Structure formats: C-alpha cells, structure tokens
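> Data file my_file23.json (JSON, C-alpha atoms (C1' of nucleotides)) is appended below.
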```json
[["chain", "number", "residue", "atom", "x", "y", "z"],
["A", 1, "MET", "CA", -2.02, -19.19, 5.63],
["A", 2, "GLY", "CA", -1.47, -15.51, 4.98],
["A", 3, "ARG", "CA", -0.19, -14.73, 1.56],
["A", 4, "ASN", "CA", 3.29, -13.28, 1.76],
["A", 5, "THR", "CA", 3.10, -10.30, -0.48],
["A", 6, "LEU", "CA", 6.19, -8.11, -0.72],
["A", 7, "GLY", "CA", 6.46, -4.35, -0.96],
["A", 8, "THR", "CA", 8.82, -2.57, -3.32],
["A", 9, "LEU", "CA", 11.42, -1.85, -0.67],
["A", 10, "GLU", "CA", 11.15, -5.31, 0.79],
["A", 11, "GLN", "CA", 11.89, -6.86, -2.56],
["A", 12, "ALA", "CA", 14.73, -4.45, -3.16],
["A", 13, "VAL", "CA", 16.31, -5.22, 0.18],
["A", 14, "MET", "CA", 16.06, -8.94, -0.40],
["A", 15, "MET", "CA", 17.68, -8.61, -3.80],
["A", 16, "VAL", "CA", 20.49, -6.55, -2.37],
["A", 17, "ILE", "CA", 21.09, -9.18, 0.27],
["A", 18, "LEU", "CA", 21.41, -11.79, -2.45],
["A", 19, "ALA", "CA", 23.77, -9.55, -4.34],
["A", 20, "LEU", "CA", 25.97, -9.00, -1.30],
["A", 21, "GLY", "CA", 26.10, -12.64, -0.29],
["A", 22, "ASP", "CA", 28.18, -12.87, 2.87],
["A", 23, "GLY", "CA", 28.76, -9.35, 3.98],
["A", 24, "ALA", "CA", 25.10, -8.39, 3.94],
["A", 25, "TYR", "CA", 24.70, -6.33, 7.08],
["A", 26, "GLY", "CA", 22.75, -3.14, 7.73],
["A", 27, "VAL", "CA", 25.10, -0.44, 6.57],
["A", 28, "ALA", "CA", 26.37, -2.35, 3.55],
["A", 29, "ILE", "CA", 22.79, -3.11, 2.52],
["A", 30, "ARG", "CA", 21.86, 0.52, 2.81],
["A", 31, "ASP", "CA", 24.81, 1.61, 0.70],
["A", 32, "GLU", "CA", 24.29, -0.95, -2.03],
["A", 33, "LEU", "CA", 20.58, -0.23, -2.08],
["A", 34, "SER", "CA", 21.17, 3.48, -2.46],
["A", 35, "ARG", "CA", 23.71, 2.84, -5.17],
["A", 36, "ARG", "CA", 21.47, 0.60, -7.22],
["A", 37, "THR", "CA", 18.32, 2.65, -6.89],
["A", 38, "ARG", "CA", 20.12, 5.96, -7.14],
["A", 39, "ARG", "CA", 18.15, 7.15, -4.19],
["A", 40, "ASP", "CA", 19.19, 8.01, -0.70],
["A", 41, "HIS", "CA", 17.78, 5.52, 1.74],
["A", 42, "THR", "CA", 18.16, 6.13, 5.45],
["A", 43, "LEU", "CA", 19.47, 3.48, 7.78],
["A", 44, "GLY", "CA", 16.27, 3.58, 9.78],
["A", 45, "ALA", "CA", 14.22, 2.67, 6.75],
["A", 46, "VAL", "CA", 16.48, -0.26, 6.00],
["A", 47, "TYR", "CA", 16.60, -1.64, 9.51],
["A", 48, "THR", "CA", 12.86, -1.40, 9.88],
["A", 49, "THR", "CA", 12.43, -3.41, 6.72],
["A", 50, "LEU", "CA", 15.00, -5.96, 7.85],
["A", 51, "ASP", "CA", 13.19, -6.37, 11.15],
["A", 52, "ARG", "CA", 9.84, -6.88, 9.52],
["A", 53, "LEU", "CA", 11.12, -9.40, 7.03],
["A", 54, "THR", "CA", 12.80, -11.26, 9.86],
["A", 55, "ALA", "CA", 9.56, -11.27, 11.83],
["A", 56, "LYS", "CA", 7.86, -12.79, 8.80],
["A", 57, "GLU", "CA", 10.63, -15.39, 8.70],
["A", 58, "LEU", "CA", 11.69, -14.41, 5.22],
["A", 59, "LEU", "CA", 15.12, -13.45, 6.53],
["A", 60, "GLU", "CA", 17.34, -14.78, 9.27],
["A", 61, "SER", "CA", 20.34, -13.16, 10.84],
["A", 62, "THR", "CA", 23.48, -14.05, 12.72],
["A", 63, "LEU", "CA", 25.65, -11.85, 14.84],
["A", 64, "GLY", "CA", 29.26, -11.65, 13.68],
["A", 65, "GLU", "CA", 32.49, -10.95, 15.51],
["A", 66, "PRO", "CA", 33.59, -7.43, 16.38],
["A", 67, "THR", "CA", 36.29, -6.14, 14.04],
["A", 68, "PRO", "CA", 39.46, -4.59, 15.47],
["A", 69, "THR", "CA", 38.89, -1.13, 14.06],
["A", 70, "ARG", "CA", 37.64, 1.98, 15.73],
["A", 71, "GLY", "CA", 33.89, 1.61, 16.28],
["A", 72, "GLY", "CA", 34.13, -1.93, 15.00],
["A", 73, "ARG", "CA", 31.10, -3.22, 16.75],
["A", 74, "ALA", "CA", 29.72, -6.68, 15.90],
["A", 75, "LYS", "CA", 27.62, -6.68, 12.73],
["A", 76, "ARG", "CA", 24.39, -8.54, 12.21],
["A", 77, "TYR", "CA", 24.44, -10.45, 8.94],
["A", 78, "PHE", "CA", 21.28, -11.27, 7.03],
["A", 79, "LYS", "CA", 20.36, -13.94, 4.54],
["A", 80, "LEU", "CA", 17.16, -15.23, 2.98],
["A", 81, "THR", "CA", 15.36, -18.22, 4.42],
["A", 82, "GLY", "CA", 13.89, -20.85, 2.11],
["A", 83, "GLU", "CA", 10.55, -19.23, 2.56],
["A", 84, "GLY", "CA", 12.07, -15.87, 1.76],
["A", 85, "ARG", "CA", 13.63, -17.20, -1.39],
["A", 86, "GLN", "CA", 10.27, -18.60, -2.41],
["A", 87, "ALA", "CA", 8.42, -15.38, -1.69],
["A", 88, "LEU", "CA", 10.94, -13.40, -3.72],
["A", 89, "ASP", "CA", 10.75, -15.82, -6.62],
["A", 90, "HIS", "CA", 7.01, -15.54, -6.59],
["A", 91, "ALA", "CA", 7.17, -11.77, -6.63],
["A", 92, "VAL", "CA", 9.65, -11.78, -9.48],
["A", 93, "ASN", "CA", 7.54, -14.17, -11.51],
["A", 94, "ALA", "CA", 4.39, -12.15, -10.93],
["A", 95, "ARG", "CA", 6.34, -9.14, -12.09],
["A", 96, "HIS", "CA", 7.40, -10.79, -15.30],
["A", 97, "GLU", "CA", 3.85, -11.87, -15.93],
["A", 98, "LEU", "CA", 2.88, -8.23, -15.68],
["A", 99, "GLU", "CA", 5.62, -6.97, -17.93],
["A", 100, "TYR", "CA", 4.87, -9.64, -20.49],
["A", 101, "GLY", "CA", 3.94, -8.16, -23.85],
["A", 102, "LEU", "CA", 4.57, -4.59, -22.79],
["A", 103, "ASP", "CA", 7.08, -2.40, -24.50],
["A", 104, "LEU", "CA", 8.54, -0.49, -21.63],
["A", 105, "ILE", "CA", 11.14, 1.86, -22.91],
["A", 106, "GLY", "CA", 14.01, 0.68, -20.78],
["A", 107, "LYS", "CA", 16.82, 2.67, -22.28],
["A", 108, "GLY", "CA", 19.29, 2.44, -19.40],
["A", 109, "VAL", "CA", 19.70, -1.28, -19.80],
["B", 1, "MET", "CA", 8.85, 18.39, -6.22],
["B", 2, "GLY", "CA", 8.25, 15.17, -4.34],
["B", 3, "ARG", "CA", 9.80, 12.05, -5.74],
["B", 4, "ASN", "CA", 7.16, 9.84, -7.27],
["B", 5, "THR", "CA", 7.86, 6.45, -5.89],
["B", 6, "LEU", "CA", 5.48, 3.67, -6.86],
["B", 7, "GLY", "CA", 4.16, 0.78, -4.79],
["B", 8, "THR", "CA", 3.86, -2.75, -6.04],
["B", 9, "LEU", "CA", 0.16, -2.52, -6.76],
["B", 10, "GLU", "CA", 0.50, 0.88, -8.31],
["B", 11, "GLN", "CA", 3.06, -0.39, -10.77],
["B", 12, "ALA", "CA", 0.97, -3.45, -11.49],
["B", 13, "VAL", "CA", -2.12, -1.38, -12.20],
["B", 14, "MET", "CA", -0.20, 0.94, -14.49],
["B", 15, "MET", "CA", 1.22, -1.98, -16.43],
["B", 16, "VAL", "CA", -2.20, -3.53, -16.80],
["B", 17, "ILE", "CA", -3.54, -0.24, -18.14],
["B", 18, "LEU", "CA", -0.80, -0.24, -20.75],
["B", 19, "ALA", "CA", -1.63, -3.83, -21.61],
["B", 20, "LEU", "CA", -5.31, -3.08, -22.03],
["B", 21, "GLY", "CA", -4.83, 0.05, -24.11],
["B", 22, "ASP", "CA", -8.27, 1.45, -24.89],
["B", 23, "GLY", "CA", -10.69, -0.49, -22.80],
["B", 24, "ALA", "CA", -8.85, 0.09, -19.56],
["B", 25, "TYR", "CA", -11.64, 0.75, -17.10],
["B", 26, "GLY", "CA", -12.13, -0.36, -13.51],
["B", 27, "VAL", "CA", -13.62, -3.79, -13.88],
["B", 28, "ALA", "CA", -11.46, -4.81, -16.83],
["B", 29, "ILE", "CA", -8.37, -3.67, -14.97],
["B", 30, "ARG", "CA", -9.35, -5.69, -11.94],
["B", 31, "ASP", "CA", -9.93, -8.81, -14.03],
["B", 32, "GLU", "CA", -6.70, -8.55, -15.99],
["B", 33, "LEU", "CA", -4.76, -7.77, -12.85],
["B", 34, "SER", "CA", -6.17, -10.80, -11.08],
["B", 35, "ARG", "CA", -5.45, -12.97, -14.08],
["B", 36, "ARG", "CA", -1.84, -11.88, -14.41],
["B", 37, "THR", "CA", -0.99, -11.99, -10.74],
["B", 38, "ARG", "CA", -3.09, -15.08, -10.07],
["B", 39, "ARG", "CA", -4.49, -13.36, -7.06],
["B", 40, "ASP", "CA", -7.95, -12.13, -6.34],
["B", 41, "HIS", "CA", -7.99, -8.37, -6.14],
["B", 42, "THR", "CA", -11.13, -6.61, -5.02],
["B", 43, "LEU", "CA", -12.63, -3.75, -6.95],
["B", 44, "GLY", "CA", -12.28, -1.46, -3.99],
["B", 45, "ALA", "CA", -8.54, -1.99, -3.89],
["B", 46, "VAL", "CA", -8.24, -1.25, -7.60],
["B", 47, "TYR", "CA", -10.37, 1.87, -7.57],
["B", 48, "THR", "CA", -8.55, 3.27, -4.59],
["B", 49, "THR", "CA", -5.28, 2.83, -6.40],
["B", 50, "LEU", "CA", -6.66, 4.40, -9.56],
["B", 51, "ASP", "CA", -7.87, 7.38, -7.57],
["B", 52, "ARG", "CA", -4.54, 7.90, -5.89],
["B", 53, "LEU", "CA", -2.57, 7.64, -9.09],
["B", 54, "THR", "CA", -4.95, 10.12, -10.67],
["B", 55, "ALA", "CA", -4.49, 12.49, -7.75],
["B", 56, "LYS", "CA", -0.75, 12.27, -8.32],
["B", 57, "GLU", "CA", -1.37, 13.03, -11.98],
["B", 58, "LEU", "CA", 0.21, 9.81, -13.13],
["B", 59, "LEU", "CA", -3.10, 8.75, -14.65],
["B", 60, "GLU", "CA", -5.90, 10.60, -16.34],
["B", 61, "SER", "CA", -9.39, 9.41, -17.10],
["B", 62, "THR", "CA", -12.27, 10.12, -19.43],
["B", 63, "LEU", "CA", -15.88, 9.15, -19.06],
["B", 64, "GLY", "CA", -17.22, 7.00, -21.91],
["B", 65, "GLU", "CA", -20.69, 6.53, -23.31],
["B", 66, "PRO", "CA", -23.20, 4.22, -21.68],
["B", 67, "THR", "CA", -23.59, 0.93, -23.55],
["B", 68, "PRO", "CA", -27.07, -0.37, -24.42],
["B", 69, "THR", "CA", -26.84, -3.50, -22.31],
["B", 70, "ARG", "CA", -28.37, -4.28, -18.99],
["B", 71, "GLY", "CA", -26.47, -2.32, -16.36],
["B", 72, "GLY", "CA", -24.44, -0.70, -19.11],
["B", 73, "ARG", "CA", -23.51, 2.32, -17.16],
["B", 74, "ALA", "CA", -20.86, 4.72, -18.51],
["B", 75, "LYS", "CA", -17.34, 3.50, -17.87],
["B", 76, "ARG", "CA", -14.39, 5.60, -16.81],
["B", 77, "TYR", "CA", -11.36, 4.89, -18.97],
["B", 78, "PHE", "CA", -7.85, 5.37, -17.69],
["B", 79, "LYS", "CA", -4.53, 6.00, -19.36],
["B", 80, "LEU", "CA", -1.05, 7.04, -18.26],
["B", 81, "THR", "CA", 0.02, 10.65, -18.40],
["B", 82, "GLY", "CA", 3.49, 11.56, -19.60],
["B", 83, "GLU", "CA", 4.53, 11.90, -16.03],
["B", 84, "GLY", "CA", 3.01, 8.52, -15.28],
["B", 85, "ARG", "CA", 4.90, 6.92, -18.11],
["B", 86, "GLN", "CA", 8.09, 8.45, -16.81],
["B", 87, "ALA", "CA", 7.49, 7.30, -13.27],
["B", 88, "LEU", "CA", 6.81, 3.77, -14.45],
["B", 89, "ASP", "CA", 9.90, 3.71, -16.63],
["B", 90, "HIS", "CA", 11.97, 4.87, -13.72],
["B", 91, "ALA", "CA", 10.55, 2.15, -11.50],
["B", 92, "VAL", "CA", 11.20, -0.50, -14.14],
["B", 93, "ASN", "CA", 14.77, 0.64, -14.63],
["B", 94, "ALA", "CA", 15.43, 0.69, -10.90],
["B", 95, "ARG", "CA", 14.07, -2.81, -10.78],
["B", 96, "HIS", "CA", 16.37, -4.02, -13.50],
["B", 97, "GLU", "CA", 19.27, -2.40, -11.75],
["B", 98, "LEU", "CA", 18.38, -4.43, -8.70],
["B", 99, "GLU", "CA", 17.97, -7.69, -10.57],
["B", 100, "TYR", "CA", 21.21, -7.15, -12.40],
["B", 101, "GLY", "CA", 23.67, -9.94, -11.80],
["B", 102, "LEU", "CA", 21.32, -11.94, -9.64],
["B", 103, "ASP", "CA", 20.42, -15.50, -10.34],
["B", 104, "LEU", "CA", 16.74, -15.24, -9.63],
["B", 105, "ILE", "CA", 15.29, -17.87, -11.85],
["B", 106, "GLY", "CA", 13.75, -19.89, -9.10],
["B", 107, "LYS", "CA", 13.56, -23.52, -9.99],
["B", 108, "GLY", "CA", 11.08, -24.37, -7.26],
["B", 109, "VAL", "CA", 13.40, -24.77, -4.33],
["C", 1, "DG", "C1'", 35.69, 10.33, 28.04],
["C", 2, "DG", "C1'", 35.14, 11.20, 23.25],
["C", 3, "DT", "C1'", 33.87, 9.67, 18.86],
["C", 4, "DC", "C1'", 33.17, 6.33, 15.51],
["C", 5, "DG", "C1'", 30.60, 2.33, 13.32],
["C", 6, "DA", "C1'", 26.62, -0.10, 14.00],
["C", 7, "DA", "C1'", 22.08, -1.24, 15.66],
["C", 8, "DT", "C1'", 17.47, -0.28, 18.01],
["C", 9, "DA", "C1'", 13.31, 2.51, 19.13],
["C", 10, "DT", "C1'", 9.72, 5.44, 17.94],
["C", 11, "DA", "C1'", 6.67, 8.12, 15.24],
["C", 12, "DC", "C1'", 4.25, 9.43, 11.30],
["C", 13, "DA", "C1'", 3.13, 9.20, 6.05],
["C", 14, "DT", "C1'", 1.90, 6.50, 2.21],
["C", 15, "DT", "C1'", 0.07, 2.24, 0.12],
["C", 16, "DG", "C1'", -2.56, -1.98, 0.26],
["C", 17, "DT", "C1'", -7.03, -4.17, 0.91],
["C", 18, "DA", "C1'", -11.83, -4.99, 1.91],
["C", 19, "DG", "C1'", -16.63, -4.26, 2.34],
["C", 20, "DA", "C1'", -20.55, -1.48, 1.92],
["C", 21, "DA", "C1'", -23.06, 2.00, -0.25],
["C", 22, "DG", "C1'", -24.45, 4.83, -4.22],
["C", 23, "DA", "C1'", -25.55, 5.67, -9.45],
["C", 24, "DA", "C1'", -26.97, 4.79, -13.93],
["C", 25, "DA", "C1'", -28.78, 1.71, -17.15],
["C", 26, "DT", "C1'", -32.11, -2.08, -18.88],
["C", 27, "DG", "C1'", -35.78, -5.63, -18.69],
["C", 28, "DG", "C1'", -39.92, -7.53, -17.20],
["C", 29, "DC", "C1'", -44.40, -7.41, -15.18],
["C", 30, "DG", "C1'", -48.65, -5.49, -13.28],
["D", 1, "DC", "C1'", -46.79, 2.89, -19.55],
["D", 2, "DG", "C1'", -44.85, 3.13, -14.99],
["D", 3, "DC", "C1'", -41.98, 1.17, -11.66],
["D", 4, "DC", "C1'", -39.03, -1.75, -9.34],
["D", 5, "DA", "C1'", -35.74, -5.56, -9.39],
["D", 6, "DT", "C1'", -31.38, -6.55, -11.29],
["D", 7, "DT", "C1'", -26.99, -5.74, -13.47],
["D", 8, "DT", "C1'", -22.72, -3.14, -14.11],
["D", 9, "DC", "C1'", -19.87, 0.08, -12.64],
["D", 10, "DT", "C1'", -18.17, 3.65, -9.42],
["D", 11, "DT", "C1'", -17.52, 6.06, -4.91],
["D", 12, "DC", "C1'", -16.95, 6.04, 0.10],
["D", 13, "DT", "C1'", -14.97, 4.64, 4.30],
["D", 14, "DA", "C1'", -12.17, 2.25, 7.41],
["D", 15, "DC", "C1'", -8.30, -0.24, 8.83],
["D", 16, "DA", "C1'", -3.84, -3.06, 8.07],
["D", 17, "DA", "C1'", 0.71, -3.20, 6.12],
["D", 18, "DT", "C1'", 4.77, -0.79, 4.24],
["D", 19, "DG", "C1'", 7.69, 3.16, 3.60],
["D", 20, "DT", "C1'", 10.52, 6.72, 5.65],
["D", 21, "DA", "C1'", 12.85, 9.74, 8.92],
["D", 22, "DT", "C1'", 14.84, 11.13, 13.28],
["D", 23, "DA", "C1'", 16.48, 10.31, 17.60],
["D", 24, "DT", "C1'", 18.54, 7.20, 20.93],
["D", 25, "DT", "C1'", 21.36, 3.41, 22.50],
["D", 26, "DC", "C1'", 25.32, 0.20, 22.31],
["D", 27, "DG", "C1'", 29.85, -1.37, 22.07],
["D", 28, "DA", "C1'", 34.60, -0.90, 20.51],
["D", 29, "DC", "C1'", 38.72, 1.75, 19.89],
["D", 30, "DC", "C1'", 42.27, 5.62, 20.99]]
```
Written as structure tokens, how would this file's structure read?

Amino acid sequence: MGRNTLGTLEQAVMMVILALGDGAYGVAIRDELSRRTRRDHTLGAVYTTLDRLTAKELLESTLGEPTPTRGGRAKRYFKLTGEGRQALDHAVNARHELEYGLDLIGKGV
Amino acid sequence: MGRNTLGTLEQAVMMVILALGDGAYGVAIRDELSRRTRRDHTLGAVYTTLDRLTAKELLESTLGEPTPTRGGRAKRYFKLTGEGRQALDHAVNARHELEYGLDLIGKGV
DNA sequence: GGTCGAATATACATTGTAGAAGAAATGGCG
DNA sequence: CGCCATTTCTTCTACAATGTATATTCGACC
C-alpha cells in the first residue's frame, strides 16, 4: 500500500474544500485559497491538484445543475472521501508533532 | 525576487533543525525527522533538501571538528538564516490561516 | 455569433525520495 | 608501525511526484 503523503498545495486545497462545504467547486476553491494564503493561485494549478487528488481517491466530485445566469455552466463540486479525510488528519497530526515544543513567532494569529 | 514557497519536507526539516538547536547535522536531523513523522526518511532525501534550502539561502552551515570516535568524521551543522526564519514563519501563518475555523481534530473516522 | 463562467489539456519547474558512491576518522592485526 | 577493514557522515545522481502557468475547449446566456 503506497503511503498517501500530501503536498503543501494538496493539503491547502483539501482544507479549503472543508471550509467551503457545499459550494466547493473549482473557481470558488481558487478564490478562497488565494484569499487565505494571500497568494495568487491560477485556476490551472487548482484544477490539476483537484484531478490528482481525485485520481488518488482522496476526493470525489459530482456535477451540479447549470445555473440560469450568463455563462452559468454546470459546476463540478468536490468533497473529501473517507480516505481523504484520513490522509488529511494524518498530515495535520504529523504537522503538530513537528511544531511541538517549537516557539514559532506566529504574530498574525 | 522569487517568492520562497516551502514544500512539506522542507518545512519539516527546518522545524527539526530548530528543535535540535546546536547539534543539527545530517544524521541527527534524519533521525529526529523520522521519529516525529513516524516515517522512515532516507539520508539522501534529507541531504538533498538541506542542499536545496542552503542554495536558497534559507539555511547556512558550518563544518565542525572531527570527534575522536570510530568514524568520527567532521559534521556539518545547519541553522536557519534570517530569511529562512521568515520563510518558515510565513508558511506557518499561512497554514494557520487555512486551518482557521476548521474542525480537523480527527477522531479516527 | 459573441462573450462569459467554468472546466480540461498540456507543458515545464520545483520538490520528494532512493540508492550508490566518496571521504575522513579509528581500531585491530600482521 | 603500516595498512586495511569498518564506522560515520557527506556528496552525487537519477527518477517520481507535486507545483504552476498558459492555452484550449465547453456549454449557457443575450
């Protein structure tokens, strides 16, 4: 069984999906991601990550209905699978283990 | 000035270096890293990361004295530069921003 | 048809990871 | 004493996985 290690962006995207709940589709994910990280992420980067996570079965997606607005094409909504949830939890725990005992000057918080 | 984004392993290595203080050299870093992440990291992986972070001037290193024990070759000690400290802080803050408001405490789903 | 929101395809750069090889030190034995 | 096996640590090299950007396609309005 291959260990499911997660990259920085992958983790970020998964967290954003959790934060968005329903309503987590490509463009919204990109926007929220950019907002939270204060960095400009391109749509391509986000979609590529979504695809890869889906291929690893850490995410699953469903196609929604078109919305009656100009350009209102059907959106693809993403959510974590059980496995995805587990992988993210593991990553978060590992992270905390690493931060443990360190005084990282997090002033922004 | 290129943005200094940090990968998962890069951040982990930097945190371990902070945790080790003096005494942060290749092998010790590998061991502590493996212990904290509960994963087996090879020396090659660690040294490559150390090299790259040094090239980006996020780390600096000094060569120590040989120790009078069998195989006691001189060790190379690493520590964060100011820039490295800054980059790590930024990464940690971004992370917190992402975790903010999420219920991530995974009770083994 | 034009253009707008959304998604897919493609290409290349950076990071992650492993295994093998090279260097410097000591200890033991002929 | 000289020398080589052994130990510890570092460097080199190669390839897989992630990160990132740009261009292209798709479908829905007006």
> With chain B laid on chain A by least squares, using all C-alpha atoms in order, how large is the RMSD?
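The optimal C-alpha superposition leaves an RMSD of 1.8 Å.
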> Excluding stretch 22-30 of chain B and its own-chain neighbours fewer than 5 positions away, which residues fall within 8 Å of it when counting all atoms listed in the file? Please give them as a list in words.
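Here the qualifying residues turn out to be Val13, Val16, Ile17, His41, Thr42, Leu43, Val46, Tyr47, Lys75, Arg76, Tyr77, Phe78 and Lys79 of chain B; DC9 of chain D.
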> Near chain D, meaning an atom within 9 Å, which residues of chain A appear when counting all atoms listed in the file? Write them as number ranges by chain.
A: 6-10, 41-42, 44-45, 49, 66-74
> Can you tell me how far atom CA of A:Arg36 sits from atom CA of B:Ala94, in Å to one decimal?
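Interatomic distance here is 7.1 Å.
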> List every residue of chain C that has an atom at most 9 Å from any atom of chain B, giving for each one its closest atom pair and the distance in Å to one decimal, counting all atoms listed in the file, sorted by chain and then by ascending residue number, as JSON lines.

```
{"residue": "C:DT15", "atom": "C1'", "partner": "B:Gly7", "partner_atom": "CA", "distance": 6.6}
{"residue": "C:DG16", "atom": "C1'", "partner": "B:Ala45", "partner_atom": "CA", "distance": 7.3}
{"residue": "C:DT17", "atom": "C1'", "partner": "B:Ala45", "partner_atom": "CA", "distance": 5.5}
{"residue": "C:DA18", "atom": "C1'", "partner": "B:Gly44", "partner_atom": "CA", "distance": 6.9}
{"residue": "C:DG19", "atom": "C1'", "partner": "B:Gly44", "partner_atom": "CA", "distance": 8.2}
{"residue": "C:DA23", "atom": "C1'", "partner": "B:Arg73", "partner_atom": "CA", "distance": 8.7}
{"residue": "C:DA24", "atom": "C1'", "partner": "B:Arg73", "partner_atom": "CA", "distance": 5.3}
{"residue": "C:DA25", "atom": "C1'", "partner": "B:Gly71", "partner_atom": "CA", "distance": 4.7}
{"residue": "C:DT26", "atom": "C1'", "partner": "B:Arg70", "partner_atom": "CA", "distance": 4.3}
{"residue": "C:DG27", "atom": "C1'", "partner": "B:Arg70", "partner_atom": "CA", "distance": 7.5}
```
> Identify which of the residues B:Gln86, B:Gln11, B:Asn4, B:Thr37 lies closest to chain A, counting only C-alpha atoms when measuring atom-to-atom distances.
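The closest residue to chain A is B:Thr37.
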> Can you check which residues of chain A have any atom within 12 Å of chain B? Use all atoms listed in the file and format it as a PyMOL selection string.
chain A and resi 3-21+32-40+81-109
> Write the residues of the preceding selection, restricted to C-alpha atoms, as a CSV table (one decimal), keeping the file's coordinate frame.

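Dumped to again_1.csv:
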```
chain,number,residue,atom,x,y,z
A,3,ARG,CA,-0.2,-14.7,1.6
A,4,ASN,CA,3.3,-13.3,1.8
A,5,THR,CA,3.1,-10.3,-0.5
A,6,LEU,CA,6.2,-8.1,-0.7
A,7,GLY,CA,6.5,-4.4,-1.0
A,8,THR,CA,8.8,-2.6,-3.3
A,9,LEU,CA,11.4,-1.8,-0.7
A,10,GLU,CA,11.2,-5.3,0.8
A,11,GLN,CA,11.9,-6.9,-2.6
A,12,ALA,CA,14.7,-4.4,-3.2
A,13,VAL,CA,16.3,-5.2,0.2
A,14,MET,CA,16.1,-8.9,-0.4
A,15,MET,CA,17.7,-8.6,-3.8
A,16,VAL,CA,20.5,-6.6,-2.4
A,17,ILE,CA,21.1,-9.2,0.3
A,18,LEU,CA,21.4,-11.8,-2.4
A,19,ALA,CA,23.8,-9.6,-4.3
A,20,LEU,CA,26.0,-9.0,-1.3
A,21,GLY,CA,26.1,-12.6,-0.3
A,32,GLU,CA,24.3,-1.0,-2.0
A,33,LEU,CA,20.6,-0.2,-2.1
A,34,SER,CA,21.2,3.5,-2.5
A,35,ARG,CA,23.7,2.8,-5.2
A,36,ARG,CA,21.5,0.6,-7.2
A,37,THR,CA,18.3,2.6,-6.9
A,38,ARG,CA,20.1,6.0,-7.1
A,39,ARG,CA,18.2,7.2,-4.2
A,40,ASP,CA,19.2,8.0,-0.7
A,81,THR,CA,15.4,-18.2,4.4
A,82,GLY,CA,13.9,-20.8,2.1
A,83,GLU,CA,10.6,-19.2,2.6
A,84,GLY,CA,12.1,-15.9,1.8
A,85,ARG,CA,13.6,-17.2,-1.4
A,86,GLN,CA,10.3,-18.6,-2.4
A,87,ALA,CA,8.4,-15.4,-1.7
A,88,LEU,CA,10.9,-13.4,-3.7
A,89,ASP,CA,10.8,-15.8,-6.6
A,90,HIS,CA,7.0,-15.5,-6.6
A,91,ALA,CA,7.2,-11.8,-6.6
A,92,VAL,CA,9.6,-11.8,-9.5
A,93,ASN,CA,7.5,-14.2,-11.5
A,94,ALA,CA,4.4,-12.2,-10.9
A,95,ARG,CA,6.3,-9.1,-12.1
A,96,HIS,CA,7.4,-10.8,-15.3
A,97,GLU,CA,3.8,-11.9,-15.9
A,98,LEU,CA,2.9,-8.2,-15.7
A,99,GLU,CA,5.6,-7.0,-17.9
A,100,TYR,CA,4.9,-9.6,-20.5
A,101,GLY,CA,3.9,-8.2,-23.8
A,102,LEU,CA,4.6,-4.6,-22.8
A,103,ASP,CA,7.1,-2.4,-24.5
A,104,LEU,CA,8.5,-0.5,-21.6
A,105,ILE,CA,11.1,1.9,-22.9
A,106,GLY,CA,14.0,0.7,-20.8
A,107,LYS,CA,16.8,2.7,-22.3
A,108,GLY,CA,19.3,2.4,-19.4
A,109,VAL,CA,19.7,-1.3,-19.8
```
> Could you jot down the atom CA of A:Leu50 to atom C1' of C:DT10 separation for me, Å, one decimal place?
16.1 Å
> Could you tell me how far atom CA of A:Leu80 sits from atom CA of A:Leu53, in Å to one decimal place?
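Going from atom CA of A:Leu53 over to atom CA of A:Leu80 covers 9.3 Å.
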> Please determine, counting only C-alpha atoms (C1' of nucleotides), which residue among C:DA13, C:DA7, C:DG22, C:DG2 has the shortest atom-to-atom distance to A:Leu63.
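Closest residue, counting only C-alpha atoms (C1' of nucleotides): C:DA7.
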